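This is my_file_21.pdb (PDB, C-alpha atoms).
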```
ATOM      1  CA  MET A   1      31.518 -12.572   3.480  1.00  0.00           C
ATOM      2  CA  ILE A   2      28.245 -13.510   5.216  1.00  0.00           C
ATOM      3  CA  THR A   3      28.424 -14.904   8.739  1.00  0.00           C
ATOM      4  CA  ASN A   4      25.750 -16.007  11.210  1.00  0.00           C
ATOM      5  CA  LEU A   5      23.082 -16.453   8.547  1.00  0.00           C
ATOM      6  CA  LYS A   6      19.582 -17.165   9.868  1.00  0.00           C
ATOM      7  CA  ILE A   7      16.562 -17.683   7.603  1.00  0.00           C
ATOM      8  CA  LYS A   8      13.067 -18.334   8.913  1.00  0.00           C
ATOM      9  CA  ALA A   9       9.838 -18.725   6.938  1.00  0.00           C
ATOM     10  CA  SER A  10       6.502 -18.828   8.716  1.00  0.00           C
ATOM     11  CA  PRO A  11       2.924 -18.696   7.420  1.00  0.00           C
ATOM     12  CA  VAL A  12       0.943 -15.507   7.933  1.00  0.00           C
ATOM     13  CA  LYS A  13      -2.289 -16.365   9.688  1.00  0.00           C
ATOM     14  CA  GLY A  14      -5.513 -14.972   8.296  1.00  0.00           C
ATOM     15  CA  MET A  15      -8.204 -13.521  10.490  1.00  0.00           C
ATOM     16  CA  PRO A  16     -11.203 -15.697  11.431  1.00  0.00           C
ATOM     17  CA  LEU A  17     -14.570 -14.431  10.194  1.00  0.00           C
ATOM     18  CA  ASP A  18     -15.944 -13.779  13.700  1.00  0.00           C
ATOM     19  CA  GLN A  19     -13.037 -11.424  14.424  1.00  0.00           C
ATOM     20  CA  VAL A  20     -13.691  -9.617  11.133  1.00  0.00           C
ATOM     21  CA  PHE A  21     -17.292  -8.974  12.205  1.00  0.00           C
ATOM     22  CA  LYS A  22     -16.226  -7.783  15.665  1.00  0.00           C
ATOM     23  CA  LYS A  23     -13.757  -5.322  14.134  1.00  0.00           C
ATOM     24  CA  LEU A  24     -16.361  -4.111  11.646  1.00  0.00           C
ATOM     25  CA  GLU A  25     -18.855  -3.471  14.444  1.00  0.00           C
ATOM     26  CA  SER A  26     -16.298  -1.609  16.558  1.00  0.00           C
ATOM     27  CA  GLY A  27     -14.995   0.454  13.618  1.00  0.00           C
ATOM     28  CA  LYS A  28     -11.429  -0.838  13.909  1.00  0.00           C
ATOM     29  CA  PRO A  29      -9.216  -1.278  10.811  1.00  0.00           C
ATOM     30  CA  ILE A  30      -9.067  -4.779   9.343  1.00  0.00           C
ATOM     31  CA  THR A  31      -5.721  -6.245   8.252  1.00  0.00           C
ATOM     32  CA  ASN A  32      -4.489  -9.719   7.206  1.00  0.00           C
ATOM     33  CA  LEU A  33      -7.846 -10.568   5.659  1.00  0.00           C
ATOM     34  CA  ASN A  34      -6.425 -12.348   2.599  1.00  0.00           C
ATOM     35  CA  ALA A  35      -3.190 -13.571   4.172  1.00  0.00           C
ATOM     36  CA  GLY A  36      -3.939 -17.287   3.952  1.00  0.00           C
ATOM     37  CA  ASP A  37      -1.437 -18.084   1.208  1.00  0.00           C
ATOM     38  CA  ARG A  38       1.338 -15.752   2.347  1.00  0.00           C
ATOM     39  CA  HIS A  39       4.505 -16.444   4.291  1.00  0.00           C
ATOM     40  CA  LEU A  40       6.810 -14.178   6.250  1.00  0.00           C
ATOM     41  CA  LEU A  41      10.497 -14.602   5.425  1.00  0.00           C
ATOM     42  CA  LYS A  42      13.067 -13.321   7.890  1.00  0.00           C
ATOM     43  CA  VAL A  43      16.717 -13.153   6.852  1.00  0.00           C
ATOM     44  CA  GLU A  44      19.281 -12.203   9.452  1.00  0.00           C
ATOM     45  CA  MET A  45      23.007 -12.044   8.749  1.00  0.00           C
ATOM     46  CA  GLU A  46      26.211 -10.316   9.682  1.00  0.00           C
ATOM     47  CA  THR A  47      28.104  -8.837   6.742  1.00  0.00           C
ATOM     48  CA  ASP A  48      29.353  -5.621   5.189  1.00  0.00           C
ATOM     49  CA  LEU A  49      26.980  -3.017   3.746  1.00  0.00           C
ATOM     50  CA  GLU A  50      27.775  -3.793   0.097  1.00  0.00           C
ATOM     51  CA  THR A  51      26.861  -7.457   0.549  1.00  0.00           C
ATOM     52  CA  CYS A  52      23.617  -6.409   2.259  1.00  0.00           C
ATOM     53  CA  LYS A  53      22.757  -4.260  -0.758  1.00  0.00           C
ATOM     54  CA  LYS A  54      23.479  -7.127  -3.154  1.00  0.00           C
ATOM     55  CA  VAL A  55      21.285  -9.522  -1.153  1.00  0.00           C
ATOM     56  CA  VAL A  56      18.420  -7.015  -1.106  1.00  0.00           C
ATOM     57  CA  GLU A  57      18.738  -6.439  -4.878  1.00  0.00           C
ATOM     58  CA  TYR A  58      18.718 -10.199  -5.467  1.00  0.00           C
ATOM     59  CA  ILE A  59      15.576 -10.675  -3.363  1.00  0.00           C
ATOM     60  CA  GLN A  60      13.874  -7.813  -5.232  1.00  0.00           C
ATOM     61  CA  GLU A  61      14.725  -9.458  -8.566  1.00  0.00           C
ATOM     62  CA  LEU A  62      13.274 -12.746  -7.291  1.00  0.00           C
ATOM     63  CA  GLY A  63      10.062 -10.908  -6.407  1.00  0.00           C
ATOM     64  CA  LYS A  64       9.860  -9.317  -9.852  1.00  0.00           C
ATOM     65  CA  ALA A  65      10.418 -12.677 -11.554  1.00  0.00           C
ATOM     66  CA  ALA A  66       7.747 -14.297  -9.369  1.00  0.00           C
ATOM     67  CA  ALA A  67       5.277 -11.524 -10.216  1.00  0.00           C
ATOM     68  CA  GLN A  68       5.871 -12.189 -13.910  1.00  0.00           C
ATOM     69  CA  GLY A  69       5.253 -15.909 -13.391  1.00  0.00           C
ATOM     70  CA  LYS A  70       8.782 -17.116 -14.151  1.00  0.00           C
TER      71      LYS A  70
END
```
structure tokens encoding of this file:
Amino acid sequence: MITNLKIKASPVKGMPLDQVFKKLESGKPITNLNAGDRHLLKVEMETDLETCKKVVEYIQELGKAAAQGK
């Protein structure tokens, strides 16, 4: 049984172009360049280990189906 379920989705912010140039000039690594259409999903719950495994497997299957365009 799952208790205390919390789900939060928030957009991942991309990096403004001026920051990209500053990082390029300083030689720092650049991340989140193409993150404009992505979201971060946080799932927090209290449950037993077997249920956790099933939830993770289900989310992985959703990702595979989305990649195939279903």
Can you translate the PyMOL selection byres ((chain A and resi 52-61) around 12) into the concrete residues it hits in this file, as a ChimeraX atom specification? /A:1-3,5,41-51,62-68,70
Save out the residues we just selected, C-alpha atoms, as a short mmCIF file (atom, residue, chain, number, x, y, z; two decimals), in the frame of the given file.
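Listing of selection_35.cif after writing:
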```
data_model
loop_
_atom_site.label_atom_id
_atom_site.label_comp_id
_atom_site.auth_asym_id
_atom_site.auth_seq_id
_atom_site.Cartn_x
_atom_site.Cartn_y
_atom_site.Cartn_z
CA MET A 1 31.52 -12.57 3.48
CA ILE A 2 28.24 -13.51 5.22
CA THR A 3 28.42 -14.90 8.74
CA LEU A 5 23.08 -16.45 8.55
CA LEU A 41 10.50 -14.60 5.42
CA LYS A 42 13.07 -13.32 7.89
CA VAL A 43 16.72 -13.15 6.85
CA GLU A 44 19.28 -12.20 9.45
CA MET A 45 23.01 -12.04 8.75
CA GLU A 46 26.21 -10.32 9.68
CA THR A 47 28.10 -8.84 6.74
CA ASP A 48 29.35 -5.62 5.19
CA LEU A 49 26.98 -3.02 3.75
CA GLU A 50 27.78 -3.79 0.10
CA THR A 51 26.86 -7.46 0.55
CA LEU A 62 13.27 -12.75 -7.29
CA GLY A 63 10.06 -10.91 -6.41
CA LYS A 64 9.86 -9.32 -9.85
CA ALA A 65 10.42 -12.68 -11.55
CA ALA A 66 7.75 -14.30 -9.37
CA ALA A 67 5.28 -11.52 -10.22
CA GLN A 68 5.87 -12.19 -13.91
CA LYS A 70 8.78 -17.12 -14.15
#
```
If you measure from atom CA of A:Lys8 to atom CA of A:Leu40, what distance in Å do you get, rounded to one decimal? 8.0 Å
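Shortest separation to A:His39 among A:Ser10, A:Asp18, A:Asn4, A:Gly69 occurs at residue A:Ser10, atoms counted being all atoms listed in the file.
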Could you give me the centre and size, in Å to one decimal, of an axis-aligned box around all listed atoms of stretch 21-30 of chain A with 3 Å added on every side, as AutoDock Vina command-line options?
```
--center_x -14.0 --center_y -4.3 --center_z 13.0 --size_x 15.8 --size_y 15.4 --size_z 13.2
```
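Distance-wise, atom CA of A:Lys28 and atom CA of A:Met15 end up 13.5 Å apart.
Reported to one decimal place, the separation of atom CA of A:Pro29 from atom CA of A:Val12 is 17.7 Å.
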Could stretch 40-52 of chain A be completed with N, CA, C and O atoms and written as a tab-separated table (two decimals), keeping the file's coordinate frame, please?
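What landed in result18.tsv:
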```
chain	number	residue	atom	x	y	z
A	40	LEU	N	5.88	-15.21	5.81
A	40	LEU	CA	6.81	-14.18	6.25
A	40	LEU	C	8.21	-14.77	6.22
A	40	LEU	O	8.45	-15.84	6.80
A	41	LEU	N	9.12	-14.13	5.52
A	41	LEU	CA	10.50	-14.60	5.42
A	41	LEU	C	11.40	-13.62	6.16
A	41	LEU	O	11.42	-12.43	5.86
A	42	LYS	N	12.12	-14.15	7.14
A	42	LYS	CA	13.07	-13.32	7.89
A	42	LYS	C	14.47	-13.79	7.56
A	42	LYS	O	14.78	-14.98	7.68
A	43	VAL	N	15.32	-12.86	7.14
A	43	VAL	CA	16.72	-13.15	6.85
A	43	VAL	C	17.55	-12.28	7.77
A	43	VAL	O	17.40	-11.06	7.80
A	44	GLU	N	18.41	-12.93	8.52
A	44	GLU	CA	19.28	-12.20	9.45
A	44	GLU	C	20.71	-12.66	9.20
A	44	GLU	O	20.98	-13.85	9.11
A	45	MET	N	21.62	-11.69	9.03
A	45	MET	CA	23.01	-12.04	8.75
A	45	MET	C	23.93	-10.93	9.20
A	45	MET	O	23.52	-9.80	9.37
A	46	GLU	N	25.18	-11.30	9.38
A	46	GLU	CA	26.21	-10.32	9.68
A	46	GLU	C	27.12	-10.24	8.46
A	46	GLU	O	27.66	-11.25	8.01
A	47	THR	N	27.27	-9.03	7.92
A	47	THR	CA	28.10	-8.84	6.74
A	47	THR	C	28.36	-7.35	6.54
A	47	THR	O	27.88	-6.51	7.31
A	48	ASP	N	29.09	-7.03	5.50
A	48	ASP	CA	29.35	-5.62	5.19
A	48	ASP	C	28.16	-5.03	4.44
A	48	ASP	O	27.29	-5.74	3.94
A	49	LEU	N	28.12	-3.71	4.35
A	49	LEU	CA	26.98	-3.02	3.75
A	49	LEU	C	26.80	-3.35	2.27
A	49	LEU	O	25.68	-3.51	1.79
A	50	GLU	N	27.87	-3.49	1.53
A	50	GLU	CA	27.78	-3.79	0.10
A	50	GLU	C	27.13	-5.16	-0.14
A	50	GLU	O	26.31	-5.31	-1.04
A	51	THR	N	27.48	-6.14	0.68
A	51	THR	CA	26.86	-7.46	0.55
A	51	THR	C	25.38	-7.39	0.90
A	51	THR	O	24.55	-8.02	0.24
A	52	CYS	N	25.03	-6.60	1.91
A	52	CYS	CA	23.62	-6.41	2.26
A	52	CYS	C	22.84	-5.85	1.07
A	52	CYS	O	21.76	-6.32	0.74
```
